[in-house]
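upload16.pdb (PDB, N, CA and C atoms, pLDDT in the B column) appears below.
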```pdb
ATOM      1  N   MET A  19      -9.958  11.346  14.678  1.00 81.00           N
ATOM      2  CA  MET A  19     -10.353  10.536  13.560  1.00 81.00           C
ATOM      3  C   MET A  19      -9.414   9.351  13.391  1.00 81.00           C
ATOM      4  N   PHE A  20      -8.087   9.592  13.438  1.00 81.00           N
ATOM      5  CA  PHE A  20      -7.133   8.502  13.261  1.00 81.00           C
ATOM      6  C   PHE A  20      -7.172   7.521  14.427  1.00 81.00           C
ATOM      7  N   GLU A  21      -7.462   8.027  15.620  1.00 87.00           N
ATOM      8  CA  GLU A  21      -7.554   7.129  16.769  1.00 87.00           C
ATOM      9  C   GLU A  21      -8.695   6.135  16.575  1.00 87.00           C
ATOM     10  N   LYS A  22      -9.823   6.619  16.075  1.00 85.00           N
ATOM     11  CA  LYS A  22     -10.966   5.753  15.824  1.00 85.00           C
ATOM     12  C   LYS A  22     -10.633   4.724  14.743  1.00 85.00           C
ATOM     13  N   MET A  23      -9.934   5.163  13.701  1.00 81.00           N
ATOM     14  CA  MET A  23      -9.531   4.229  12.642  1.00 81.00           C
ATOM     15  C   MET A  23      -8.565   3.185  13.184  1.00 81.00           C
ATOM     16  N   ASN A  24      -7.633   3.580  14.030  1.00 84.00           N
ATOM     17  CA  ASN A  24      -6.680   2.633  14.608  1.00 84.00           C
ATOM     18  C   ASN A  24      -7.390   1.594  15.473  1.00 84.00           C
ATOM     19  N   GLU A  25      -8.402   2.010  16.201  1.00 86.00           N
ATOM     20  CA  GLU A  25      -9.169   1.067  17.019  1.00 86.00           C
ATOM     21  C   GLU A  25      -9.896   0.047  16.143  1.00 86.00           C
ATOM     22  N   ARG A  26     -10.440   0.501  15.016  1.00 85.00           N
ATOM     23  CA  ARG A  26     -11.160  -0.403  14.121  1.00 85.00           C
ATOM     24  C   ARG A  26     -10.209  -1.373  13.426  1.00 85.00           C
ATOM     25  N   ILE A  27      -8.996  -0.918  13.118  1.00 85.00           N
ATOM     26  CA  ILE A  27      -8.022  -1.765  12.430  1.00 85.00           C
ATOM     27  C   ILE A  27      -7.574  -2.923  13.325  1.00 85.00           C
ATOM     28  N   LYS A  28      -7.614  -2.746  14.619  1.00 87.00           N
ATOM     29  CA  LYS A  28      -7.201  -3.810  15.536  1.00 87.00           C
ATOM     30  C   LYS A  28      -8.069  -5.054  15.387  1.00 87.00           C
ATOM     31  N   ASN A  29      -9.267  -4.928  14.815  1.00 87.00           N
ATOM     32  CA  ASN A  29     -10.155  -6.065  14.626  1.00 87.00           C
ATOM     33  C   ASN A  29      -9.837  -6.880  13.373  1.00 87.00           C
ATOM     34  N   LEU A  30      -8.907  -6.410  12.539  1.00 89.00           N
ATOM     35  CA  LEU A  30      -8.582  -7.115  11.306  1.00 89.00           C
ATOM     36  C   LEU A  30      -7.714  -8.344  11.586  1.00 89.00           C
ATOM     37  N   THR A  31      -7.942  -9.392  10.808  1.00 92.00           N
ATOM     38  CA  THR A  31      -7.117 -10.593  10.899  1.00 92.00           C
ATOM     39  C   THR A  31      -6.138 -10.599   9.731  1.00 92.00           C
ATOM     40  N   VAL A  32      -5.249 -11.580   9.723  1.00 93.00           N
ATOM     41  CA  VAL A  32      -4.284 -11.720   8.635  1.00 93.00           C
ATOM     42  C   VAL A  32      -5.024 -11.943   7.313  1.00 93.00           C
ATOM     43  N   ILE A  33      -6.092 -12.707   7.341  1.00 94.00           N
ATOM     44  CA  ILE A  33      -6.886 -12.961   6.135  1.00 94.00           C
ATOM     45  C   ILE A  33      -7.469 -11.655   5.598  1.00 94.00           C
ATOM     46  N   ASP A  34      -8.001 -10.819   6.481  1.00 93.00           N
ATOM     47  CA  ASP A  34      -8.564  -9.533   6.064  1.00 93.00           C
ATOM     48  C   ASP A  34      -7.508  -8.661   5.393  1.00 93.00           C
ATOM     49  N   ILE A  35      -6.328  -8.617   5.969  1.00 92.00           N
ATOM     50  CA  ILE A  35      -5.248  -7.810   5.406  1.00 92.00           C
ATOM     51  C   ILE A  35      -4.841  -8.362   4.048  1.00 92.00           C
ATOM     52  N   GLY A  36      -4.797  -9.678   3.905  1.00 94.00           N
ATOM     53  CA  GLY A  36      -4.492 -10.293   2.614  1.00 94.00           C
ATOM     54  C   GLY A  36      -5.540  -9.954   1.567  1.00 94.00           C
ATOM     55  N   LEU A  37      -6.808  -9.963   1.961  1.00 95.00           N
ATOM     56  CA  LEU A  37      -7.873  -9.601   1.028  1.00 95.00           C
ATOM     57  C   LEU A  37      -7.771  -8.129   0.614  1.00 95.00           C
ATOM     58  N   ILE A  38      -7.382  -7.265   1.534  1.00 95.00           N
ATOM     59  CA  ILE A  38      -7.177  -5.849   1.204  1.00 95.00           C
ATOM     60  C   ILE A  38      -6.051  -5.722   0.183  1.00 95.00           C
ATOM     61  N   LYS A  39      -4.964  -6.461   0.385  1.00 95.00           N
ATOM     62  CA  LYS A  39      -3.844  -6.418  -0.559  1.00 95.00           C
ATOM     63  C   LYS A  39      -4.281  -6.865  -1.945  1.00 95.00           C
ATOM     64  N   MET A  40      -5.058  -7.942  -2.015  1.00 97.00           N
ATOM     65  CA  MET A  40      -5.510  -8.437  -3.313  1.00 97.00           C
ATOM     66  C   MET A  40      -6.453  -7.431  -3.986  1.00 97.00           C
ATOM     67  N   SER A  41      -7.316  -6.781  -3.216  1.00 97.00           N
ATOM     68  CA  SER A  41      -8.223  -5.799  -3.811  1.00 97.00           C
ATOM     69  C   SER A  41      -7.444  -4.604  -4.354  1.00 97.00           C
ATOM     70  N   VAL A  42      -6.393  -4.188  -3.655  1.00 95.00           N
ATOM     71  CA  VAL A  42      -5.554  -3.095  -4.152  1.00 95.00           C
ATOM     72  C   VAL A  42      -4.823  -3.531  -5.417  1.00 95.00           C
ATOM     73  N   PHE A  43      -4.338  -4.765  -5.448  1.00 96.00           N
ATOM     74  CA  PHE A  43      -3.650  -5.292  -6.624  1.00 96.00           C
ATOM     75  C   PHE A  43      -4.563  -5.252  -7.848  1.00 96.00           C
ATOM     76  N   PHE A  44      -5.790  -5.763  -7.712  1.00 97.00           N
ATOM     77  CA  PHE A  44      -6.706  -5.787  -8.846  1.00 97.00           C
ATOM     78  C   PHE A  44      -7.214  -4.400  -9.208  1.00 97.00           C
ATOM     79  N   ALA A  45      -7.355  -3.517  -8.246  1.00 96.00           N
ATOM     80  CA  ALA A  45      -7.720  -2.130  -8.553  1.00 96.00           C
ATOM     81  C   ALA A  45      -6.603  -1.461  -9.354  1.00 96.00           C
ATOM     82  N   THR A  46      -5.360  -1.780  -9.028  1.00 93.00           N
ATOM     83  CA  THR A  46      -4.222  -1.240  -9.763  1.00 93.00           C
ATOM     84  C   THR A  46      -4.225  -1.752 -11.200  1.00 93.00           C
ATOM     85  N   ILE A  47      -4.497  -3.026 -11.379  1.00 94.00           N
ATOM     86  CA  ILE A  47      -4.589  -3.581 -12.734  1.00 94.00           C
ATOM     87  C   ILE A  47      -5.698  -2.873 -13.514  1.00 94.00           C
ATOM     88  N   PHE A  48      -6.822  -2.623 -12.880  1.00 96.00           N
ATOM     89  CA  PHE A  48      -7.929  -1.934 -13.541  1.00 96.00           C
ATOM     90  C   PHE A  48      -7.530  -0.517 -13.954  1.00 96.00           C
ATOM     91  N   ILE A  49      -6.846   0.198 -13.073  1.00 94.00           N
ATOM     92  CA  ILE A  49      -6.410   1.567 -13.384  1.00 94.00           C
ATOM     93  C   ILE A  49      -5.417   1.559 -14.536  1.00 94.00           C
ATOM     94  N   ILE A  50      -4.476   0.603 -14.535  1.00 92.00           N
ATOM     95  CA  ILE A  50      -3.509   0.486 -15.627  1.00 92.00           C
ATOM     96  C   ILE A  50      -4.228   0.159 -16.933  1.00 92.00           C
ATOM     97  N   HIS A  51      -5.273  -0.649 -16.845  1.00 94.00           N
ATOM     98  CA  HIS A  51      -6.058  -0.972 -18.045  1.00 94.00           C
ATOM     99  C   HIS A  51      -6.730   0.287 -18.605  1.00 94.00           C
ATOM    100  N   LEU A  52      -7.203   1.162 -17.735  1.00 96.00           N
ATOM    101  CA  LEU A  52      -7.846   2.397 -18.183  1.00 96.00           C
ATOM    102  C   LEU A  52      -6.841   3.426 -18.705  1.00 96.00           C
ATOM    103  N   PHE A  53      -5.658   3.472 -18.082  1.00 93.00           N
ATOM    104  CA  PHE A  53      -4.634   4.458 -18.439  1.00 93.00           C
ATOM    105  C   PHE A  53      -3.308   3.756 -18.733  1.00 93.00           C
ATOM    106  N   PRO A  54      -3.165   3.126 -19.894  1.00 91.00           N
ATOM    107  CA  PRO A  54      -1.936   2.363 -20.185  1.00 91.00           C
ATOM    108  C   PRO A  54      -0.684   3.233 -20.265  1.00 91.00           C
ATOM    109  N   GLN A  55      -0.829   4.533 -20.443  1.00 91.00           N
ATOM    110  CA  GLN A  55       0.350   5.404 -20.491  1.00 91.00           C
ATOM    111  C   GLN A  55       1.079   5.436 -19.142  1.00 91.00           C
ATOM    112  N   LEU A  56       0.420   4.992 -18.077  1.00 86.00           N
ATOM    113  CA  LEU A  56       1.093   4.925 -16.769  1.00 86.00           C
ATOM    114  C   LEU A  56       2.214   3.892 -16.757  1.00 86.00           C
ATOM    115  N   LEU A  57       2.180   2.946 -17.695  1.00 87.00           N
ATOM    116  CA  LEU A  57       3.234   1.930 -17.767  1.00 87.00           C
ATOM    117  C   LEU A  57       4.550   2.500 -18.290  1.00 87.00           C
ATOM    118  N   ASN A  58       4.531   3.694 -18.819  1.00 91.00           N
ATOM    119  CA  ASN A  58       5.735   4.312 -19.368  1.00 91.00           C
ATOM    120  C   ASN A  58       6.558   5.045 -18.320  1.00 91.00           C
ATOM    121  N   ILE A  59       6.179   4.962 -17.049  1.00 88.00           N
ATOM    122  CA  ILE A  59       6.926   5.618 -15.982  1.00 88.00           C
ATOM    123  C   ILE A  59       8.250   4.887 -15.788  1.00 88.00           C
ATOM    124  N   SER A  60       9.308   5.626 -15.603  1.00 91.00           N
ATOM    125  CA  SER A  60      10.639   5.062 -15.406  1.00 91.00           C
ATOM    126  C   SER A  60      10.680   4.189 -14.151  1.00 91.00           C
ATOM    127  N   TYR A  61      11.442   3.088 -14.234  1.00 89.00           N
ATOM    128  CA  TYR A  61      11.582   2.202 -13.073  1.00 89.00           C
ATOM    129  C   TYR A  61      12.267   2.909 -11.905  1.00 89.00           C
ATOM    130  N   THR A  62      13.132   3.836 -12.209  1.00 93.00           N
ATOM    131  CA  THR A  62      13.797   4.596 -11.153  1.00 93.00           C
ATOM    132  C   THR A  62      12.778   5.390 -10.343  1.00 93.00           C
ATOM    133  N   VAL A  63      11.839   6.006 -11.023  1.00 91.00           N
ATOM    134  CA  VAL A  63      10.789   6.778 -10.347  1.00 91.00           C
ATOM    135  C   VAL A  63       9.941   5.841  -9.490  1.00 91.00           C
ATOM    136  N   LEU A  64       9.611   4.660 -10.025  1.00 88.00           N
ATOM    137  CA  LEU A  64       8.814   3.706  -9.259  1.00 88.00           C
ATOM    138  C   LEU A  64       9.541   3.230  -8.007  1.00 88.00           C
ATOM    139  N   VAL A  65      10.828   2.950  -8.122  1.00 92.00           N
ATOM    140  CA  VAL A  65      11.613   2.514  -6.962  1.00 92.00           C
ATOM    141  C   VAL A  65      11.665   3.618  -5.918  1.00 92.00           C
ATOM    142  N   ILE A  66      11.861   4.847  -6.354  1.00 95.00           N
ATOM    143  CA  ILE A  66      11.893   5.977  -5.419  1.00 95.00           C
ATOM    144  C   ILE A  66      10.548   6.125  -4.712  1.00 95.00           C
ATOM    145  N   LEU A  67       9.440   5.984  -5.455  1.00 92.00           N
ATOM    146  CA  LEU A  67       8.109   6.064  -4.843  1.00 92.00           C
ATOM    147  C   LEU A  67       7.885   4.949  -3.830  1.00 92.00           C
ATOM    148  N   VAL A  68       8.277   3.734  -4.173  1.00 92.00           N
ATOM    149  CA  VAL A  68       8.113   2.605  -3.255  1.00 92.00           C
ATOM    150  C   VAL A  68       8.904   2.847  -1.974  1.00 92.00           C
ATOM    151  N   LEU A  69      10.140   3.254  -2.110  1.00 93.00           N
ATOM    152  CA  LEU A  69      10.973   3.492  -0.925  1.00 93.00           C
ATOM    153  C   LEU A  69      10.433   4.651  -0.085  1.00 93.00           C
ATOM    154  N   ALA A  70       9.994   5.709  -0.742  1.00 95.00           N
ATOM    155  CA  ALA A  70       9.474   6.865  -0.008  1.00 95.00           C
ATOM    156  C   ALA A  70       8.199   6.505   0.753  1.00 95.00           C
ATOM    157  N   LEU A  71       7.338   5.699   0.145  1.00 93.00           N
ATOM    158  CA  LEU A  71       6.078   5.340   0.797  1.00 93.00           C
ATOM    159  C   LEU A  71       6.248   4.244   1.843  1.00 93.00           C
ATOM    160  N   ALA A  72       7.341   3.502   1.780  1.00 94.00           N
ATOM    161  CA  ALA A  72       7.543   2.393   2.710  1.00 94.00           C
ATOM    162  C   ALA A  72       8.344   2.780   3.955  1.00 94.00           C
ATOM    163  N   VAL A  73       8.915   3.955   3.988  1.00 94.00           N
ATOM    164  CA  VAL A  73       9.793   4.338   5.099  1.00 94.00           C
ATOM    165  C   VAL A  73       9.062   4.298   6.438  1.00 94.00           C
ATOM    166  N   LYS A  74       7.937   4.968   6.558  1.00 91.00           N
ATOM    167  CA  LYS A  74       7.237   5.031   7.845  1.00 91.00           C
ATOM    168  C   LYS A  74       6.719   3.672   8.302  1.00 91.00           C
ATOM    169  N   PRO A  75       6.045   2.889   7.441  1.00 88.00           N
ATOM    170  CA  PRO A  75       5.596   1.571   7.915  1.00 88.00           C
ATOM    171  C   PRO A  75       6.752   0.671   8.351  1.00 88.00           C
ATOM    172  N   ILE A  76       7.845   0.700   7.626  1.00 88.00           N
ATOM    173  CA  ILE A  76       9.003  -0.121   8.013  1.00 88.00           C
ATOM    174  C   ILE A  76       9.548   0.348   9.357  1.00 88.00           C
ATOM    175  N   TYR A  77       9.630   1.656   9.535  1.00 89.00           N
ATOM    176  CA  TYR A  77      10.122   2.187  10.806  1.00 89.00           C
ATOM    177  C   TYR A  77       9.214   1.770  11.961  1.00 89.00           C
ATOM    178  N   VAL A  78       7.911   1.928  11.775  1.00 87.00           N
ATOM    179  CA  VAL A  78       6.965   1.629  12.850  1.00 87.00           C
ATOM    180  C   VAL A  78       6.969   0.139  13.213  1.00 87.00           C
ATOM    181  N   VAL A  79       7.022  -0.727  12.205  1.00 86.00           N
ATOM    182  CA  VAL A  79       6.922  -2.160  12.452  1.00 86.00           C
ATOM    183  C   VAL A  79       8.234  -2.753  12.952  1.00 86.00           C
ATOM    184  N   TRP A  80       9.353  -2.374  12.357  1.00 86.00           N
ATOM    185  CA  TRP A  80      10.603  -3.061  12.636  1.00 86.00           C
ATOM    186  C   TRP A  80      11.589  -2.287  13.522  1.00 86.00           C
ATOM    187  N   LEU A  81      11.593  -0.982  13.481  1.00 86.00           N
ATOM    188  CA  LEU A  81      12.631  -0.232  14.174  1.00 86.00           C
ATOM    189  C   LEU A  81      12.179   0.473  15.441  1.00 86.00           C
ATOM    190  N   LYS A  82      10.911   0.861  15.517  1.00 81.00           N
ATOM    191  CA  LYS A  82      10.409   1.581  16.682  1.00 81.00           C
ATOM    192  C   LYS A  82      10.227   0.621  17.856  1.00 81.00           C
ATOM    193  N   LYS A  83      10.656   1.045  19.022  1.00 74.00           N
ATOM    194  CA  LYS A  83      10.528   0.189  20.200  1.00 74.00           C
ATOM    195  C   LYS A  83       9.689   0.846  21.257  1.00 74.00           C
TER     196      LYS A  83
END
```
Please express the file's structure as structure tokens.
Amino acid sequence: MFEKMNERIKNLTVIDIGLIKMSVFFATIFIIHLFPQLLNISYTVLVILVLALAVKPIYVVWLKK
């Protein structure tokens, strides 16, 4: 399944990836609008989540040879 997804992703351009980022951004705004209590999460927790979720992509793109 992941191999098929990886093959399909190779067809994406920089513009497509930018549009995906913008759609995720606006979906996040919509979710925050529906559940404003999510804004009360500590910044420390958010930083930890960002770092934890970014480890593998950073490794694959910049460190793996």
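One finds atom CA of A:Val78 at 23.2 Å from atom CA of A:Phe43.
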Q. Just how far from atom N of A:Pro75 is atom CA of A:Asn29, in Å to one decimal?
A.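 Between these atoms lies a distance of 19.9 Å.
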Q) Quick one: distance from atom CA of A:Thr62 to atom CA of A:Val42 in Å, one decimal? A) 22.0 Å
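When DSSP is run on the backbone, the residues of stretch 40-79 of chain A that fall into alpha helix (DSSP H) are Met40, Ser41, Val42, Phe43, Phe44, Ala45, Thr46, Ile47, Phe48, Ile49, Ile50, His51, Leu52, Tyr61, Thr62, Val63, Leu64, Val65, Ile66, Leu67, Val68, Leu69, Ala70, Leu71, Ala72, Val73, Lys74, Pro75 and Ile76 of chain A.
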